>>> print(open('structure04.cif').read())   # mmCIF, C-alpha atoms
data_target
#
loop_
_atom_site.label_atom_id
_atom_site.label_comp_id
_atom_site.auth_asym_id
_atom_site.auth_seq_id
_atom_site.Cartn_x
_atom_site.Cartn_y
_atom_site.Cartn_z
CA MET C 151 0.00 0.00 0.00
CA SER C 152 1.70 3.15 -1.10
CA ARG C 153 -0.93 5.57 0.14
CA LEU C 154 -3.40 5.63 2.98
CA GLY C 155 -6.36 6.69 0.94
CA ALA C 156 -9.79 8.05 1.51
CA GLY C 157 -11.92 6.36 4.06
CA LEU C 158 -9.08 4.64 5.82
CA LEU C 159 -9.85 6.14 9.14
CA ALA C 160 -13.43 4.99 9.00
CA SER C 161 -12.15 1.46 8.79
CA LEU C 162 -9.83 1.73 11.76
CA ALA C 163 -11.00 -0.04 14.84
CA PRO C 164 -12.02 2.50 17.46
CA GLY C 165 -9.61 2.47 20.34
CA LEU C 166 -7.06 0.32 18.54
CA THR C 167 -3.81 0.62 20.43
CA PHE C 168 -0.41 0.19 18.91
CA GLY C 169 2.88 -1.35 19.88
CA GLN C 170 5.53 1.12 20.79
CA ARG C 171 8.16 0.45 18.16
CA GLY C 172 8.72 -1.10 14.80
CA PRO C 173 7.74 -0.27 11.26
CA ILE C 174 4.66 1.85 10.93
CA LEU C 175 1.80 -0.28 9.69
CA GLY C 176 4.34 -2.42 7.90
CA LEU C 177 4.62 0.20 5.21
CA LYS C 178 7.67 0.49 3.08
CA SER C 179 9.06 3.98 3.35
CA GLY C 180 8.72 5.68 0.00
CA THR C 181 10.67 8.65 -1.15
CA ARG C 182 8.08 10.16 -3.46
CA ALA C 183 5.53 12.42 -1.85
CA THR C 184 1.95 11.79 -2.91
CA PRO C 185 -0.26 14.77 -3.71
CA MET C 186 -3.05 15.37 -1.24
CA ASN C 187 -6.67 15.61 -2.29
CA GLN C 188 -9.92 16.56 -0.59
CA ALA C 189 -10.55 13.04 0.68
CA ASP C 190 -7.09 13.01 2.24
CA ALA C 191 -7.85 16.34 3.88
CA ASN C 192 -11.06 14.95 5.36
CA ASP C 193 -9.21 11.90 6.61
CA ASP C 194 -6.58 14.13 8.16
CA SER C 195 -9.21 16.02 10.13
CA GLN C 196 -10.62 12.77 11.44
CA LEU C 197 -7.14 11.61 12.38
CA ILE C 198 -6.58 14.80 14.36
CA ALA C 199 -9.87 14.25 16.20
CA ARG C 200 -8.72 10.78 17.14
CA ILE C 201 -5.27 11.98 18.14
CA ALA C 202 -6.95 14.48 20.43
CA ARG C 203 -8.48 11.48 22.17
CA GLY C 204 -5.08 9.85 22.58
CA ASP C 205 -5.23 7.40 19.66
CA ARG C 206 -1.65 6.33 18.89
CA LEU C 207 -2.63 4.50 15.72
CA ALA C 208 -4.17 7.66 14.28
CA MET C 209 -0.94 9.41 15.22
CA GLN C 210 1.12 6.88 13.31
CA VAL C 211 -1.12 7.09 10.27
CA LEU C 212 -0.83 10.88 10.23
CA PHE C 213 2.94 10.63 10.67
CA THR C 214 3.24 8.10 7.85
CA ARG C 215 1.16 10.26 5.56
CA HIS C 216 2.97 13.55 6.13
CA ARG C 217 6.47 12.77 7.33
CA LEU C 218 8.10 12.94 3.90
CA ARG C 219 6.82 16.38 2.93
CA VAL C 220 7.28 17.83 6.40
CA PHE C 221 10.79 16.41 6.62
CA ARG C 222 11.78 17.91 3.28
CA PHE C 223 10.30 21.25 4.29
CA LEU C 224 12.38 21.13 7.46
CA LEU C 225 15.49 20.02 5.62
CA ARG C 226 15.34 22.99 3.27
CA PHE C 227 15.65 25.23 6.33
CA ILE C 228 17.88 23.22 8.60
CA ARG C 229 20.20 21.63 6.02
CA ASP C 230 21.17 18.86 8.41
CA GLU C 231 19.38 15.51 8.19
CA ALA C 232 19.77 14.46 11.82
CA ALA C 233 18.61 17.85 13.09
CA ALA C 234 15.71 17.80 10.61
CA GLU C 235 14.67 14.36 11.89
CA ASP C 236 14.72 15.65 15.46
CA ALA C 237 12.60 18.60 14.40
CA LEU C 238 10.24 16.26 12.54
CA ALA C 239 9.62 14.27 15.72
CA GLU C 240 9.05 17.49 17.63
CA VAL C 241 6.51 18.68 15.06
CA PHE C 242 4.43 15.57 15.57
CA LEU C 243 4.86 15.73 19.33
CA ASP C 244 3.29 19.18 19.14
CA VAL C 245 0.47 17.70 17.07
CA TRP C 246 -0.07 15.08 19.77
CA ARG C 247 -0.21 17.76 22.43
CA GLN C 248 -2.25 20.34 20.53
CA ALA C 249 -4.62 18.17 18.51
CA GLY C 250 -7.46 19.04 20.86
CA ALA C 251 -7.02 22.73 20.06
CA PHE C 252 -7.05 22.23 16.28
CA GLU C 253 -10.18 23.95 15.01
CA GLY C 254 -10.03 22.92 11.39
CA ARG C 255 -9.76 26.47 10.08
CA SER C 256 -6.95 25.33 7.82
CA LEU C 257 -5.87 22.08 6.25
CA VAL C 258 -4.01 19.76 8.57
CA SER C 259 -1.06 19.82 6.15
CA THR C 260 -1.00 23.61 6.43
CA TRP C 261 -1.05 23.37 10.21
CA LEU C 262 1.80 20.87 10.12
CA LEU C 263 3.94 23.11 7.93
CA SER C 264 3.24 26.07 10.22
CA ILE C 265 4.50 24.08 13.18
CA ALA C 266 7.41 22.77 11.11
CA ARG C 267 8.44 26.26 10.11
CA PHE C 268 8.51 27.36 13.73
CA LYS C 269 10.53 24.28 14.71
CA ALA C 270 12.94 24.83 11.82
CA LEU C 271 13.57 28.43 12.82
CA SER C 272 14.12 27.37 16.43
CA SER C 273 16.52 24.65 15.32
CA VAL C 274 18.46 27.05 13.12
CA ARG C 275 18.68 29.55 15.96
CA ARG C 276 19.91 26.85 18.33
CA ARG C 277 22.56 25.63 15.96
CA LYS C 278 23.89 29.11 15.35
CA ASP C 279 25.82 27.87 12.35
CA ALA C 280 23.14 28.81 9.84
CA PRO C 281 21.68 32.25 9.16
CA LEU C 282 18.58 33.20 11.12
CA ASP C 283 15.41 33.03 9.12
CA ASP C 284 14.38 36.50 10.24
CA ASP C 285 17.50 37.82 8.60
CA TYR C 286 17.42 35.81 5.46
CA ALA C 287 15.22 38.16 3.48
CA GLU C 288 18.31 40.04 2.49
CA ALA C 289 20.63 37.09 2.58
CA ILE C 290 20.73 36.49 -1.14
CA VAL C 291 22.95 33.58 -1.98
CA ASP C 292 25.96 34.33 -4.14
CA GLU C 293 24.52 34.55 -7.61
CA ALA C 294 27.79 34.41 -9.50
CA ASP C 295 28.10 31.63 -12.00
CA ASP C 296 29.73 28.57 -10.51
CA PRO C 297 30.85 25.30 -12.12
CA GLU C 298 27.41 23.84 -11.48
CA ILE C 299 25.72 26.55 -13.47
CA GLU C 300 28.35 26.36 -16.20
CA LEU C 301 27.62 22.67 -16.50
CA ALA C 302 23.88 23.19 -16.33
CA LYS C 303 23.88 25.60 -19.24
CA ARG C 304 23.83 22.56 -21.49
CA ASP C 305 20.44 21.53 -20.13
CA LYS C 306 17.67 24.08 -19.57
CA GLY C 307 15.98 22.03 -16.85
CA ALA C 308 19.23 21.51 -15.00
CA LEU C 309 20.02 25.20 -15.37
CA LEU C 310 16.64 26.14 -13.92
CA ARG C 311 17.23 23.82 -10.97
CA ALA C 312 20.68 25.30 -10.40
CA CYS C 313 19.24 28.82 -10.54
CA LEU C 314 16.42 27.91 -8.14
CA GLN C 315 19.14 26.92 -5.68
CA LYS C 316 20.60 30.39 -6.04
CA LEU C 317 17.48 32.12 -4.76
CA SER C 318 17.35 33.46 -1.23
CA ALA C 319 15.87 31.15 1.39
CA GLU C 320 12.85 33.43 1.65
CA HIS C 321 12.14 33.18 -2.07
CA ARG C 322 12.82 29.46 -2.22
CA GLU C 323 10.48 28.86 0.66
CA MET C 324 7.65 30.53 -1.19
CA ILE C 325 8.39 28.65 -4.39
CA ASP C 326 8.49 25.34 -2.52
CA LEU C 327 5.23 26.05 -0.70
CA VAL C 328 3.35 26.88 -3.87
CA TYR C 329 4.78 24.37 -6.35
CA TYR C 330 5.86 21.40 -4.22
CA HIS C 331 3.53 21.63 -1.25
CA GLU C 332 0.69 22.91 -3.47
CA LYS C 333 -0.39 25.56 -1.03
CA SER C 334 -2.92 28.20 -1.99
CA VAL C 335 -2.31 31.91 -1.41
CA GLU C 336 -4.22 31.74 1.85
CA ASP C 337 -2.51 28.59 3.12
CA ALA C 338 0.96 29.87 2.26
CA ALA C 339 0.10 33.09 4.10
CA LYS C 340 -0.88 31.12 7.20
CA ILE C 341 2.30 29.08 7.13
CA VAL C 342 4.66 32.00 6.66
CA GLY C 343 2.64 34.39 8.80
CA VAL C 344 2.25 37.16 6.24
CA PRO C 345 -0.79 38.69 4.50
CA PRO C 346 -2.02 36.90 1.34
CA ALA C 347 -1.00 39.89 -0.79
CA THR C 348 2.57 39.49 0.43
CA VAL C 349 2.56 35.85 -0.63
CA LYS C 350 1.65 36.83 -4.16
CA THR C 351 4.15 39.65 -4.48
CA ARG C 352 6.95 37.71 -2.77
CA LEU C 353 6.48 34.86 -5.18
CA PHE C 354 6.36 37.27 -8.11
CA TYR C 355 9.67 38.84 -7.07
CA ALA C 356 11.16 35.39 -6.51
CA ARG C 357 10.27 34.48 -10.08
CA GLN C 358 11.63 37.76 -11.39
CA LYS C 359 14.86 37.13 -9.52
CA LEU C 360 15.00 33.67 -11.03
CA SER C 361 14.69 35.14 -14.51
CA GLU C 362 17.50 37.58 -13.74
CA ILE C 363 19.79 34.81 -12.52
CA MET C 364 19.03 32.76 -15.62
CA LYS C 365 19.63 35.73 -17.85
CA ARG C 366 23.03 36.23 -16.27
CA ALA C 367 23.70 32.59 -17.00
CA GLY C 368 22.91 33.29 -20.63
CA VAL C 369 19.32 32.05 -20.88
CA ASP C 370 16.36 34.33 -21.53
CA ARG C 371 13.29 32.35 -20.61
CA GLY C 372 10.90 34.84 -22.16
CA TRP C 373 9.29 36.03 -18.96
CA PRO C 374 8.76 38.59 -17.52
CA MET P 218 -15.69 37.54 -6.73
CA THR P 219 -14.84 40.31 -9.20
CA SER P 220 -12.43 39.62 -12.03
CA PRO P 221 -8.83 40.24 -11.02
CA GLU P 222 -6.90 43.07 -12.63
CA PRO P 223 -4.27 42.12 -15.23
CA ASP P 224 -1.42 42.63 -12.80
CA GLU P 225 -3.22 40.47 -10.31
CA LEU P 226 -3.52 37.76 -12.95
CA ALA P 227 0.24 37.82 -13.50
CA LEU P 228 0.68 37.23 -9.79
CA LEU P 229 -1.69 34.28 -9.90
CA ALA P 230 0.06 32.31 -12.67
CA PRO P 231 1.98 30.02 -10.24
CA PHE P 232 -1.21 29.23 -8.35
CA TYR P 233 -2.98 28.47 -11.62
CA VAL P 234 -0.21 26.05 -12.53
CA ALA P 235 -0.29 24.49 -9.06
CA GLY P 236 -4.07 24.11 -9.28
CA THR P 237 -4.79 26.05 -6.10
CA LEU P 238 -6.98 28.84 -7.49
CA SER P 239 -10.65 28.94 -6.61
CA ALA P 240 -13.10 28.03 -9.38
CA ALA P 241 -13.94 31.70 -9.99
CA GLU P 242 -10.29 32.75 -10.10
CA LYS P 243 -9.48 29.88 -12.42
CA ALA P 244 -12.27 30.79 -14.80
CA ALA P 245 -11.18 34.43 -14.90
CA PHE P 246 -7.59 33.39 -15.37
CA GLU P 247 -8.36 31.06 -18.26
CA ALA P 248 -10.49 33.69 -19.95
CA ALA P 249 -7.57 36.11 -19.83
CA LEU P 250 -5.16 33.42 -20.93
CA ALA P 251 -7.03 33.07 -24.20
CA ARG P 252 -6.31 36.67 -25.15
CA ASP P 253 -3.06 37.58 -23.43
CA PRO P 254 0.21 36.21 -24.93
CA ALA P 255 2.24 37.63 -22.03
CA LEU P 256 0.14 35.63 -19.62
CA VAL P 257 0.73 32.53 -21.72
CA ARG P 258 4.51 33.04 -21.46
CA ASN P 259 4.10 33.63 -17.75
CA VAL P 260 2.27 30.31 -17.36
CA GLU P 261 4.85 28.47 -19.46
CA SER P 262 7.60 29.80 -17.21
CA ALA P 263 5.63 28.87 -14.11
CA ARG P 264 5.14 25.33 -15.45
CA ALA P 265 8.88 24.91 -15.93
CA GLU P 266 9.51 26.30 -12.44
CA ALA P 267 6.97 23.93 -10.93
CA GLU P 268 8.48 20.93 -12.68
CA GLU P 269 12.02 21.67 -11.55
CA THR P 270 10.96 22.66 -8.03
CA ILE P 271 9.24 19.32 -7.63
CA ALA P 272 12.32 17.56 -9.02
CA LEU P 273 14.55 19.39 -6.55
CA ASN P 274 12.36 18.45 -3.60
CA GLU P 275 11.91 14.86 -4.69
CA ALA P 276 15.68 14.54 -4.83
CA LEU P 277 15.90 15.29 -1.12
CA PRO P 278 16.27 12.27 1.18
CA ALA P 279 13.46 10.72 3.20
CA PRO P 280 13.59 10.59 6.99
CA THR P 281 15.14 7.43 8.41
CA SER P 282 13.63 5.13 11.02
CA ARG P 283 15.48 7.21 13.58
CA ALA P 284 12.77 9.87 13.25
CA THR P 285 10.08 7.29 13.98
CA GLU P 286 11.98 6.01 16.98
CA ARG P 287 12.53 9.52 18.25
CA LEU P 288 8.83 10.33 17.97
CA SER P 289 7.91 7.07 19.63
CA ALA P 290 10.24 7.86 22.55
CA LEU P 291 8.78 11.35 22.88
CA LEU P 292 5.23 10.00 22.90
CA ASP P 293 6.16 7.33 25.43
CA ALA P 294 7.38 10.07 27.74
CA GLU P 295 4.09 11.95 27.49
CA PRO P 296 1.64 11.68 30.38
CA PRO P 297 -1.35 9.43 29.67
CA ARG P 298 -4.27 11.22 28.06
CA ARG P 299 -7.31 11.51 30.33
CA ARG P 300 -10.44 10.67 28.38
CA THR P 301 -14.02 11.33 29.25
CA LEU P 302 -16.52 8.51 29.55
CA LEU P 303 -18.19 9.55 26.29
CA GLU P 304 -14.85 9.56 24.47
CA ARG P 305 -14.03 6.12 25.81
CA LEU P 306 -17.36 4.77 24.58
CA ASP P 307 -16.92 6.35 21.12
CA LEU P 308 -20.38 5.18 20.13
CA GLY P 309 -20.50 7.11 16.89
CA GLY P 310 -17.18 5.80 15.68
CA THR P 311 -17.98 2.24 16.63
CA LEU P 312 -21.34 2.21 14.88
CA GLY P 313 -19.90 3.96 11.86
CA ALA P 314 -17.11 1.44 11.54
CA TRP P 315 -19.40 -1.54 12.02
CA LEU P 316 -21.98 -0.34 9.54
CA SER P 317 -19.67 0.93 6.82
CA PRO P 318 -20.21 -0.77 3.45
CA ARG P 319 -16.69 -2.10 3.47
CA ALA P 320 -17.09 -3.62 6.91
CA LEU P 321 -20.41 -5.21 5.98
CA GLY P 322 -18.98 -6.57 2.73
CA TRP P 323 -16.04 -8.05 4.49
CA ALA P 324 -18.21 -9.48 7.20
CA ALA P 325 -20.02 -11.55 4.59
CA SER P 326 -16.81 -12.65 2.86
CA ALA P 327 -15.08 -13.48 6.10
CA ALA P 328 -18.00 -15.46 7.41
CA LEU P 329 -17.60 -17.74 4.42
CA LEU P 330 -13.86 -18.09 4.89
CA LEU P 331 -14.21 -18.57 8.60
CA ALA P 332 -16.68 -21.40 8.14
CA VAL P 333 -14.13 -23.20 5.97
CA VAL P 334 -11.13 -22.77 8.22
CA GLU P 335 -12.67 -22.88 11.66
CA ALA P 336 -12.66 -26.66 11.82
CA GLY P 337 -8.91 -26.74 11.40
CA ALA P 338 -8.12 -23.90 13.73
CA LEU P 339 -5.65 -24.68 16.47
CA LEU P 340 -6.81 -24.67 20.06
CA ALA P 341 -4.49 -23.86 22.96
CA PRO P 342 -3.52 -21.01 25.36
CA SER P 343 -2.46 -17.78 23.76
CA SER P 344 1.03 -16.37 23.88
CA PRO P 345 1.52 -13.80 26.63
CA ARG P 346 3.39 -11.53 24.20
CA GLN P 347 1.13 -8.79 22.95
CA SER P 348 1.65 -5.98 20.58
CA TYR P 349 -1.85 -5.08 19.36
CA SER P 350 -5.30 -5.13 20.81
CA THR P 351 -8.58 -3.47 20.04
CA ALA P 352 -10.57 -1.81 22.73
CA SER P 353 -13.72 -3.13 21.12
CA GLN P 354 -12.67 -6.76 20.94
CA ASP P 355 -14.22 -9.53 22.98
CA ALA P 356 -12.11 -11.60 25.31
CA ALA P 357 -9.40 -13.23 23.21
CA PRO P 358 -9.96 -16.89 22.53
CA VAL P 359 -7.58 -19.17 24.35
CA ARG P 360 -5.38 -20.60 21.61
CA ALA P 361 -1.68 -21.30 21.26
CA GLY P 362 0.42 -20.38 18.35
CA HIS P 363 1.33 -17.33 16.38
CA PHE P 364 -1.34 -14.84 15.46
CA ALA P 365 -1.68 -11.59 13.60
CA LEU P 366 -4.27 -8.89 13.32
CA ILE P 367 -4.87 -8.01 9.71
CA ALA P 368 -7.12 -5.85 7.57
CA PHE P 369 -7.66 -6.22 3.88
CA ALA P 370 -7.21 -3.65 1.14
CA PRO P 371 -10.41 -2.18 -0.30
CA ASN P 372 -12.06 -4.06 -3.15
CA VAL P 373 -9.77 -7.08 -2.94
CA SER P 374 -11.36 -10.34 -4.03
CA THR P 375 -12.09 -13.26 -1.74
CA GLU P 376 -10.03 -15.45 -4.09
CA ALA P 377 -6.99 -13.21 -3.67
CA VAL P 378 -7.34 -13.31 0.10
CA SER P 379 -7.74 -17.08 0.14
CA ALA P 380 -4.74 -17.60 -2.12
CA LEU P 381 -2.50 -15.29 -0.10
CA LEU P 382 -3.43 -16.83 3.23
CA ALA P 383 -3.03 -20.37 1.91
CA ALA P 384 0.35 -19.56 0.36
CA ASN P 385 1.60 -18.37 3.72
CA GLY P 386 0.04 -21.00 5.94
CA ALA P 387 -2.29 -18.45 7.49
CA GLN P 388 -5.91 -18.94 8.46
CA ILE P 389 -8.58 -16.55 9.63
CA VAL P 390 -9.61 -17.62 13.10
CA GLU P 391 -11.67 -14.65 14.21
CA GLY P 392 -13.40 -11.61 12.83
CA PRO P 393 -14.38 -9.32 11.49
CA ARG P 394 -13.86 -7.01 14.40
CA ALA P 395 -14.83 -3.37 14.30
CA GLY P 396 -13.16 -1.69 11.38
CA GLY P 397 -12.79 -4.87 9.35
CA PHE P 398 -9.92 -6.39 11.32
CA TYR P 399 -9.37 -10.15 11.40
CA ARG P 400 -7.29 -12.36 13.64
CA VAL P 401 -5.35 -14.92 11.66
CA SER P 402 -3.28 -17.88 12.74
CA LEU P 403 0.25 -17.89 11.32
CA GLY P 404 1.05 -21.33 12.67
CA ALA P 405 0.97 -23.58 15.72
CA ALA P 406 2.93 -22.99 18.88
CA ASP P 407 5.76 -25.24 17.70
CA LEU P 408 6.35 -23.03 14.67
CA PRO P 409 9.65 -21.19 15.18
CA GLU P 410 9.26 -17.49 15.89
CA ALA P 411 11.42 -16.63 12.89
CA GLU P 412 9.15 -18.60 10.56
CA ALA P 413 6.06 -16.88 11.98
CA GLN P 414 7.72 -13.53 11.44
CA LYS P 415 8.56 -14.55 7.89
CA ARG P 416 4.92 -15.34 7.22
CA LEU P 417 3.83 -12.04 8.73
CA ASP P 418 6.35 -10.17 6.60
CA ALA P 419 5.04 -11.94 3.52
CA LEU P 420 1.51 -10.79 4.35
CA ARG P 421 2.72 -7.24 4.79
CA LEU P 422 4.45 -7.30 1.44
CA ALA P 423 1.19 -8.20 -0.29
CA ALA P 424 0.11 -4.58 -0.12
CA THR P 425 -2.55 -5.00 -2.79
CA VAL P 426 -4.36 -7.50 -0.59
CA ILE P 427 -3.40 -6.59 2.97
CA ARG P 428 -3.47 -3.03 4.19
CA PHE P 429 -2.55 -3.77 7.79
CA ALA P 430 -0.79 -6.69 9.43
CA GLU P 431 0.74 -6.81 12.87
CA LYS P 432 1.40 -9.42 15.50
CA ALA P 433 -1.48 -10.11 17.82
CA PRO P 434 -1.93 -12.18 20.94
#
>>> encode(input="structure04.cif", output="structure tokens")
Amino acid sequence: MSRLGAGLLASLAPGLTFGQRGPILGLKSGTRATPMNQADANDDSQLIARIARGDRLAMQVLFTRHRLRVFRFLLRFIRDEAAAEDALAEVFLDVWRQAGAFEGRSLVSTWLLSIARFKALSSVRRRKDAPLDDDYAEAIVDEADDPEIELAKRDKGALLRACLQKLSAEHREMIDLVYYHEKSVEDAAKIVGVPPATVKTRLFYARQKLSEIMKRAGVDRGWP
Amino acid sequence: MTSPEPDELALLAPFYVAGTLSAAEKAAFEAALARDPALVRNVESARAEAEETIALNEALPAPTSRATERLSALLDAEPPRRRTLLERLDLGGTLGAWLSPRALGWAASAALLLAVVEAGALLAPSSPRQSYSTASQDAAPVRAGHFALIAFAPNVSTEAVSALLAANGAQIVEGPRAGGFYRVSLGAADLPEAEAQKRLDALRLAATVIRFAEKAP
């Protein structure tokens, strides 16, 4: 089973308790994140309701469903796998503790990324060896051509990926939220803690910056 | 919602590509797309960005089992959750699970299977080792051997279930319980633990037939 699909929760035995360790539901850990749909969102809300009642199985199902995307979101901030795994566990510990307060005003995945973002910033601050998120708005990565970009010029897709890596953390975060995590304007605004209008303009400037970087690398992508 | 201004539409191109616009925004966007070449170029750029952003993220590693273990340890250290009487009863959830179409369908299928295998089921005291239990289950039957709690994938055929269980020496001995769970025998008490684990692993691997399989008392 590669995905815990719609209606799964309804088929879980009420009050089912789980062993403490071992593979989660016997699932093989995949590395490809599955897009969420409305049925998944409904299932997530039911899982949170069960977690609020102390259901460990529901907790494990939620963890299995979201760990990959949340981990990758954390890793983009923290840039250290072990620290990102610690933060991942802490995100879901917060879910366990706060599930009763979840009011369903946003998608569960949006809530998770909001918690994850807070944990990531805390982790970065603790580690001190990475720039603080609050400061990164101006912390544009060195945009000069490097061997990677020189190599990537032969392949437009590879060049675009290399240039995406050159964006500031603030711009990359927005691009990741919209394209990879498939967050709407409103959801991205909730996660980042900015007004919806800021989400749209920040993303627009991120894309403009991307075009500039590509142009410097010798590729005009025709927009803007 | 009123139609967005042209500049607003340019801002919305990534959300159009990601499929996160509302129906009204999407309709307005597509109407403008039909008459605005600049917007078309914008969307083409956004599509390329989306593709490569997804590729970049998918290239990142997955969390290891260490994350699971860490979470498990953190949860173990949490104080027990105090539940109200109504929460413990969970009447709505129980009825919903019992009366779901899937549960009813499986109840009929399992009754047939159970009738076939019940005669050969092994009788003896159960192992004291426990890893799973359901709050809604009746007192566990006293039987010796190796057992598992399993649940089947949606829409799987009775033939597929029968073939899988037979191929792995497993037999349904009880169920369905609430939520469509079944207790199956993996072998008698004299079956080595490693062999029982092997059979359980084989059930887990049959993901198209089994959606849940764990050791049970």
>>> residues_near_point(input="structure04.cif", point="(-3.0, 24.6, -3.3)", cutoff="8 Å", atoms="all atoms listed in the file", output="number ranges by chain")
C: 328, 331-335, 337; P: 232, 235-238
>>> resolve_selection(input="structure04.cif", expression="the PyMOL selection byres ((chain P and resi 368) around 9)", output="ChimeraX atom specification")
/C:161 /P:366-367,369-370,393,396-400,426-430
>>> resolve_selection(input="structure04.cif", expression="the PyMOL selection byres ((chain P and resi 413) around 12)", output="list of chain:residue names")
P:Gly362, P:His363, P:Phe364, P:Ala365, P:Asn385, P:Gly386, P:Ala387, P:Val401, P:Ser402, P:Leu403, P:Gly404, P:Ala405, P:Ala406, P:Asp407, P:Leu408, P:Pro409, P:Glu410, P:Ala411, P:Glu412, P:Gln414, P:Lys415, P:Arg416, P:Leu417, P:Asp418, P:Ala419, P:Leu420, P:Glu431, P:Lys432, P:Ala433
>>> resolve_selection(input="structure04.cif", expression="the PyMOL selection byres ((chain C and resi 357) around 9)", output="MDAnalysis selection string")
(chainID C and resid 321 325 352:356 358:362 374) or (chainID P and resid 262:263 266)
>>> write_last_selection(input="structure04.cif", atoms="C-alpha atoms", output="PDB file, keeping the file's coordinate frame")
ATOM      1  CA  HIS C 321      12.140  33.180  -2.070  1.00  0.00           C
ATOM      2  CA  ILE C 325       8.390  28.650  -4.390  1.00  0.00           C
ATOM      3  CA  ARG C 352       6.950  37.710  -2.770  1.00  0.00           C
ATOM      4  CA  LEU C 353       6.480  34.860  -5.180  1.00  0.00           C
ATOM      5  CA  PHE C 354       6.360  37.270  -8.110  1.00  0.00           C
ATOM      6  CA  TYR C 355       9.670  38.840  -7.070  1.00  0.00           C
ATOM      7  CA  ALA C 356      11.160  35.390  -6.510  1.00  0.00           C
ATOM      8  CA  GLN C 358      11.630  37.760 -11.390  1.00  0.00           C
ATOM      9  CA  LYS C 359      14.860  37.130  -9.520  1.00  0.00           C
ATOM     10  CA  LEU C 360      15.000  33.670 -11.030  1.00  0.00           C
ATOM     11  CA  SER C 361      14.690  35.140 -14.510  1.00  0.00           C
ATOM     12  CA  GLU C 362      17.500  37.580 -13.740  1.00  0.00           C
ATOM     13  CA  PRO C 374       8.760  38.590 -17.520  1.00  0.00           C
TER      14      PRO C 374
ATOM     15  CA  SER P 262       7.600  29.800 -17.210  1.00  0.00           C
ATOM     16  CA  ALA P 263       5.630  28.870 -14.110  1.00  0.00           C
ATOM     17  CA  GLU P 266       9.510  26.300 -12.440  1.00  0.00           C
TER      18      GLU P 266
END
>>> closest_residue(input="structure04.cif", among="P:Leu381, P:Ala227, P:Ala244, P:Ala284", to="chain C", atoms="all atoms listed in the file")
P:Ala284
>>> residues_around(input="structure04.cif", residues="C:Asp326", least_positions_apart="6", cutoff="8 Å", atoms="all atoms listed in the file", output="compact mmCIF listing (two decimals) with C-alpha atoms, in the frame of the given file")
# COMPACT_ATOMS: atom_id res chain seq x y z
CA THR P 270 10.96 22.66 -8.03
CA ILE P 271 9.24 19.32 -7.63
CA ASN P 274 12.36 18.45 -3.60
>>> atom_distance(input="structure04.cif", atom1="atom CA of C:Phe223", atom2="atom CA of C:Thr351")
21.3 Å
>>> residues_around(input="structure04.cif", residues="stretch 261-264 of chain C", least_positions_apart="2", cutoff="8 Å", atoms="only C-alpha atoms", output="PyMOL selection string")
chain C and resi 220+223+241+245+256-259+266-268+340-342
>>> write_last_selection(input="structure04.cif", atoms="C-alpha atoms", output="PDB file, keeping the file's coordinate frame")
ATOM      1  CA  VAL C 220       7.280  17.830   6.400  1.00  0.00           C
ATOM      2  CA  PHE C 223      10.300  21.250   4.290  1.00  0.00           C
ATOM      3  CA  VAL C 241       6.510  18.680  15.060  1.00  0.00           C
ATOM      4  CA  VAL C 245       0.470  17.700  17.070  1.00  0.00           C
ATOM      5  CA  SER C 256      -6.950  25.330   7.820  1.00  0.00           C
ATOM      6  CA  LEU C 257      -5.870  22.080   6.250  1.00  0.00           C
ATOM      7  CA  VAL C 258      -4.010  19.760   8.570  1.00  0.00           C
ATOM      8  CA  SER C 259      -1.060  19.820   6.150  1.00  0.00           C
ATOM      9  CA  ALA C 266       7.410  22.770  11.110  1.00  0.00           C
ATOM     10  CA  ARG C 267       8.440  26.260  10.110  1.00  0.00           C
ATOM     11  CA  PHE C 268       8.510  27.360  13.730  1.00  0.00           C
ATOM     12  CA  LYS C 340      -0.880  31.120   7.200  1.00  0.00           C
ATOM     13  CA  ILE C 341       2.300  29.080   7.130  1.00  0.00           C
ATOM     14  CA  VAL C 342       4.660  32.000   6.660  1.00  0.00           C
TER      15      VAL C 342
END
>>> closest_residue(input="structure04.cif", among="P:Ala267, P:Ala248, P:Ala380, P:Ala361", to="chain C", atoms="all atoms listed in the file")
P:Ala267
>>> residues_around(input="structure04.cif", residues="C:Val369", least_positions_apart="3", cutoff="10 Å", atoms="all atoms listed in the file", output="list in words")
Lys303, Lys306, Leu309, Leu310, Ser361, Glu362, Ile363, Met364, Lys365, Arg366 and Gly372 of chain C
>>> closest_residue(input="structure04.cif", among="C:Arg200, C:His216, C:Arg311, C:Arg322", to="chain P", atoms="all atoms listed in the file")
C:Arg311
>>> atom_distance(input="structure04.cif", atom1="atom CA of P:Leu292", atom2="atom CA of C:Thr214")
15.3 Å
>>> closest_residue(input="structure04.cif", among="C:Leu212, C:Cys313, C:Val349, C:Leu197", to="C:Ala367", atoms="only C-alpha atoms")
C:Cys313
>>> closest_residue(input="structure04.cif", among="C:Ser195, C:Arg255, C:Val211, C:Phe221", to="chain P", atoms="all atoms listed in the file")
C:Phe221
>>> closest_residue(input="structure04.cif", among="P:Ala424, P:Ala240, P:Arg252, P:Ala377", to="chain C", atoms="only C-alpha atoms")
P:Ala424
>>> atom_distance(input="structure04.cif", atom1="atom CA of C:Leu207", atom2="atom CA of P:Pro296")
16.9 Å
